[in-house]
Amino acid sequence: MKTGLPSWFKIDPEVSSALHAGQPVVALESTVITHGLPYPDNMQLARDMEQEVRQGGAVPATIAVIAGRVAIGVAPEELALLARGEGMHKISTRDFAAAAAKGWNGGTTVAGTMTAAHAAGIKVFATGGIGGVHRDAPFDISADLPQLARTPMIVVCAGAKAILDLPATLEYLETFHVPVVGMGTDEFPAFYSRESGLPVSVRADSAAEVVDIACAHWELGLNSALLVVVPPPAEAALPYDRVARDVDQALAEAREAGVRGQAVTPFLLSRMAEITGGASLQANLALLRNNARYAAQIARALVARR
Ligand code: PSU
Ligand code: MN
């Protein structure tokens, strides 16, 4: 637990006492609630992820911005407000100051959640799929990547979103010394799919092994994150070839509609859900719950190690 947080942070009492006592805590993001999933699935999912973390023996800390204050752990009524989505901002690292000054409400992205979680002293974070390098020009690289390059945390995800340029995303992670740790796999998962044909940088077969790698990495004085990638559950995963076709269609529609900036990822995710007749949404929900479960195991292994 760190001190000296900005006055516009508020830490939930349960999260605060867990951090003080050195108990396992898992950060959860909230752009997936405000911009990534439709209502009311988003609200159910947010509760389910918290439940998975608890069942795994850790304390969940869903991070969001409520009336300009960065909440480390949100109350049930705040979660419902985020899920209804009206007037919600998408808050990445650069947006906190604006949110604080203007009293915004919003969901924090992977980058934003990492910034806030790290400030609060949380080491483990679960999300769905990170942002990355988008395909073709004009040049769009998610702020998630530079944040991973400079924040010492364990980020659990199902790879990068299938709508991205996955080889370029992995190249970026390599350049900025972010280990990509395959949880029980040698292959980088492609979010909706278990396979991508691309390799991870190292495989781990247990939470304890992930922690061994993380601790060695940080003992070297490195400040980058570990990206732990978990394949989506087989029963909900979609075949890579089928996803590739649907992604091409969604991307063509985004281009035609002139969608830009922060709106690109939410547009593509919601079009994918429609094009796949809801199958991509089911895969997304399943992998989010699964990642929360793995993150809890890793948070416990990290505490056990210390
Ligand atoms: N994982 C999901 N759904 C999402 C996201 C992750 O299953 O909507 C969000 C994360 O908050 C991530 C963001 O940071 O998508 C990426 O947005 P962008 O490409 O604009 O950086
Ligand atoms: Mn972008």
# chains A, B, ... in the order shown; residues from 1 in each chain; ligands from 1
>>> residues_around(residues="region 118-124 of chain A", least_positions_apart="4", cutoff="7 Å", atoms="only C-alpha atoms", output="list in words")
Met1, Lys2, Leu5, Val25, Val26, Ala27, Met114, Met153, Ile154, Val155, Ala295 and Ala299 of chain A
>>> write_last_selection(atoms="C-alpha atoms", output="short mmCIF file (atom, residue, chain, number, x, y, z; two decimals), in the first residue's frame")
data_model
loop_
_atom_site.label_atom_id
_atom_site.label_comp_id
_atom_site.auth_asym_id
_atom_site.auth_seq_id
_atom_site.Cartn_x
_atom_site.Cartn_y
_atom_site.Cartn_z
CA MET A 1 0.00 0.00 0.00
CA LYS A 2 1.40 3.35 -1.00
CA LEU A 5 -2.11 9.49 -3.56
CA VAL A 25 -5.98 -7.77 -4.47
CA VAL A 26 -6.96 -7.86 -8.16
CA ALA A 27 -7.66 -4.65 -10.09
CA MET A 114 -2.83 0.34 -14.68
CA MET A 153 2.33 -5.05 -12.84
CA ILE A 154 0.98 -8.43 -13.93
CA VAL A 155 -1.77 -7.92 -16.51
CA ALA A 295 -5.69 -13.24 -11.84
CA ALA A 299 -2.43 -12.52 -6.80
#
>>> closest_atom_pairs(of="chain A", to="ligand 2", cutoff="9 Å", atoms="only C-alpha atoms and all ligand atoms", output="JSON lines")
{"residue": "A:Gly131", "atom": "CA", "partner": "ligand 2", "partner_atom_place_in_ligand_line": "1 (Mn)", "distance": 7.9}
{"residue": "A:Gly132", "atom": "CA", "partner": "ligand 2", "partner_atom_place_in_ligand_line": "1 (Mn)", "distance": 8.1}
{"residue": "A:Val133", "atom": "CA", "partner": "ligand 2", "partner_atom_place_in_ligand_line": "1 (Mn)", "distance": 8.2}
{"residue": "A:His134", "atom": "CA", "partner": "ligand 2", "partner_atom_place_in_ligand_line": "1 (Mn)", "distance": 7.6}
{"residue": "A:Phe139", "atom": "CA", "partner": "ligand 2", "partner_atom_place_in_ligand_line": "1 (Mn)", "distance": 8.7}
{"residue": "A:Asp140", "atom": "CA", "partner": "ligand 2", "partner_atom_place_in_ligand_line": "1 (Mn)", "distance": 5.0}
{"residue": "A:Ile141", "atom": "CA", "partner": "ligand 2", "partner_atom_place_in_ligand_line": "1 (Mn)", "distance": 5.4}
{"residue": "A:Ser142", "atom": "CA", "partner": "ligand 2", "partner_atom_place_in_ligand_line": "1 (Mn)", "distance": 4.6}
{"residue": "A:Ala143", "atom": "CA", "partner": "ligand 2", "partner_atom_place_in_ligand_line": "1 (Mn)", "distance": 7.1}
{"residue": "A:Arg260", "atom": "CA", "partner": "ligand 2", "partner_atom_place_in_ligand_line": "1 (Mn)", "distance": 7.8}
{"residue": "A:Gly261", "atom": "CA", "partner": "ligand 2", "partner_atom_place_in_ligand_line": "1 (Mn)", "distance": 4.9}
{"residue": "A:Gln262", "atom": "CA", "partner": "ligand 2", "partner_atom_place_in_ligand_line": "1 (Mn)", "distance": 5.3}
{"residue": "A:Ala263", "atom": "CA", "partner": "ligand 2", "partner_atom_place_in_ligand_line": "1 (Mn)", "distance": 7.9}
{"residue": "A:Val264", "atom": "CA", "partner": "ligand 2", "partner_atom_place_in_ligand_line": "1 (Mn)", "distance": 6.8}
{"residue": "A:Thr265", "atom": "CA", "partner": "ligand 2", "partner_atom_place_in_ligand_line": "1 (Mn)", "distance": 7.4}
>>> write_last_selection(atoms="N, CA and C atoms", output="PDB file, in the first residue's frame")
ATOM      1  N   GLY A 131      -5.547  -3.287 -25.742  1.00  0.00           N
ATOM      2  CA  GLY A 131      -5.466  -2.569 -27.000  1.00  0.00           C
ATOM      3  C   GLY A 131      -4.070  -2.772 -27.578  1.00  0.00           C
ATOM      4  N   GLY A 132      -3.892  -2.408 -28.841  1.00  0.00           N
ATOM      5  CA  GLY A 132      -2.578  -2.622 -29.456  1.00  0.00           C
ATOM      6  C   GLY A 132      -2.422  -1.752 -30.687  1.00  0.00           C
ATOM      7  N   VAL A 133      -1.616  -2.239 -31.614  1.00  0.00           N
ATOM      8  CA  VAL A 133      -1.400  -1.521 -32.869  1.00  0.00           C
ATOM      9  C   VAL A 133      -2.562  -1.868 -33.799  1.00  0.00           C
ATOM     10  N   HIS A 134      -3.257  -0.835 -34.258  1.00  0.00           N
ATOM     11  CA  HIS A 134      -4.367  -1.080 -35.192  1.00  0.00           C
ATOM     12  C   HIS A 134      -3.831  -1.365 -36.586  1.00  0.00           C
ATOM     13  N   PHE A 139      -2.264   5.818 -38.599  1.00  0.00           N
ATOM     14  CA  PHE A 139      -1.550   5.361 -37.434  1.00  0.00           C
ATOM     15  C   PHE A 139      -2.358   5.473 -36.132  1.00  0.00           C
ATOM     16  N   ASP A 140      -2.623   4.328 -35.508  1.00  0.00           N
ATOM     17  CA  ASP A 140      -3.377   4.295 -34.245  1.00  0.00           C
ATOM     18  C   ASP A 140      -2.763   3.215 -33.366  1.00  0.00           C
ATOM     19  N   ILE A 141      -2.136   3.625 -32.272  1.00  0.00           N
ATOM     20  CA  ILE A 141      -1.553   2.678 -31.321  1.00  0.00           C
ATOM     21  C   ILE A 141      -2.189   2.939 -29.968  1.00  0.00           C
ATOM     22  N   SER A 142      -2.755   1.914 -29.373  1.00  0.00           N
ATOM     23  CA  SER A 142      -3.401   2.064 -28.074  1.00  0.00           C
ATOM     24  C   SER A 142      -2.403   2.531 -27.022  1.00  0.00           C
ATOM     25  N   ALA A 143      -2.866   3.415 -26.133  1.00  0.00           N
ATOM     26  CA  ALA A 143      -2.055   3.854 -24.988  1.00  0.00           C
ATOM     27  C   ALA A 143      -1.786   2.690 -24.035  1.00  0.00           C
ATOM     28  N   ARG A 260     -13.028   7.242 -35.758  1.00  0.00           N
ATOM     29  CA  ARG A 260     -11.643   7.599 -35.419  1.00  0.00           C
ATOM     30  C   ARG A 260     -11.415   7.585 -33.911  1.00  0.00           C
ATOM     31  N   GLY A 261     -10.130   7.544 -33.538  1.00  0.00           N
ATOM     32  CA  GLY A 261      -9.708   7.783 -32.150  1.00  0.00           C
ATOM     33  C   GLY A 261     -10.301   6.778 -31.174  1.00  0.00           C
ATOM     34  N   GLN A 262     -10.736   7.289 -30.040  1.00  0.00           N
ATOM     35  CA  GLN A 262     -11.219   6.429 -28.967  1.00  0.00           C
ATOM     36  C   GLN A 262     -12.474   5.638 -29.347  1.00  0.00           C
ATOM     37  N   ALA A 263     -13.156   6.077 -30.389  1.00  0.00           N
ATOM     38  CA  ALA A 263     -14.409   5.411 -30.774  1.00  0.00           C
ATOM     39  C   ALA A 263     -14.165   4.119 -31.561  1.00  0.00           C
ATOM     40  N   VAL A 264     -12.936   3.923 -32.067  1.00  0.00           N
ATOM     41  CA  VAL A 264     -12.687   2.801 -32.974  1.00  0.00           C
ATOM     42  C   VAL A 264     -12.951   1.449 -32.304  1.00  0.00           C
ATOM     43  N   THR A 265     -12.323   1.206 -31.155  1.00  0.00           N
ATOM     44  CA  THR A 265     -12.457  -0.103 -30.507  1.00  0.00           C
ATOM     45  C   THR A 265     -13.906  -0.404 -30.104  1.00  0.00           C
TER      46      THR A 265
END
>>> closest_residue(among="A:Ala236, A:Asp241, A:Pro13, A:Val53", to="Gly278 (chain A)", atoms="only C-alpha atoms")
A:Ala236
>>> residues_near_ligand(ligand="ligand 1", cutoff="6 Å", atoms="only C-alpha atoms and all ligand atoms", output="PyMOL selection string")
chain A and resi 31-32+35-36+109-111+127-131+142-144+262+265+284
>>> residues_around(residues="Ala304 (chain A)", least_positions_apart="4", cutoff="12 Å", atoms="only C-alpha atoms", output="number ranges by chain")
A: 22-24, 207-208, 211-212, 297-300
>>> select_by_dssp(residues="region 68-165 of chain A", states="alpha helix (DSSP H)", output="PyMOL selection string")
chain A and resi 76-84+96-102+110-120+144-150
>>> closest_residue(among="A:Trp104, A:Trp8, A:Tyr240, A:Trp218", to="Ala162 (chain A)", atoms="only C-alpha atoms")
A:Tyr240
>>> closest_residue(among="A:Val156, A:Ala168, A:Ala279, A:Met88", to="Tyr192 (chain A)", atoms="only C-alpha atoms")
A:Ala279
>>> atom_distance(atom1="CA of His217 (chain A)", atom2="CA of Arg306 (chain A)")
15.1 Å
>>> closest_residue(among="A:Leu45, A:Ala252, A:Val200, A:Ala101", to="Ala67 (chain A)", atoms="only C-alpha atoms")
A:Ala101
>>> atom_distance(atom1="CA of Val181 (chain A)", atom2="CA of Val230 (chain A)")
8.7 Å
>>> select_by_dssp(residues="region 206-276 of chain A", states="strand (DSSP E)", output="list in words")
Leu226, Leu227, Val228 and Val229 of chain A
>>> write_last_selection(atoms="C-alpha atoms", output="PDB file, in the first residue's frame")
ATOM      1  CA  LEU A 226       4.249  -8.854 -17.577  1.00  0.00           C
ATOM      2  CA  LEU A 227       1.459  -9.641 -19.984  1.00  0.00           C
ATOM      3  CA  VAL A 228      -0.019 -12.989 -18.957  1.00  0.00           C
ATOM      4  CA  VAL A 229      -2.126 -14.381 -21.783  1.00  0.00           C
TER       5      VAL A 229
END
>>> atom_distance(atom1="CA of Ala244 (chain A)", atom2="CA of Leu288 (chain A)")
20.6 Å
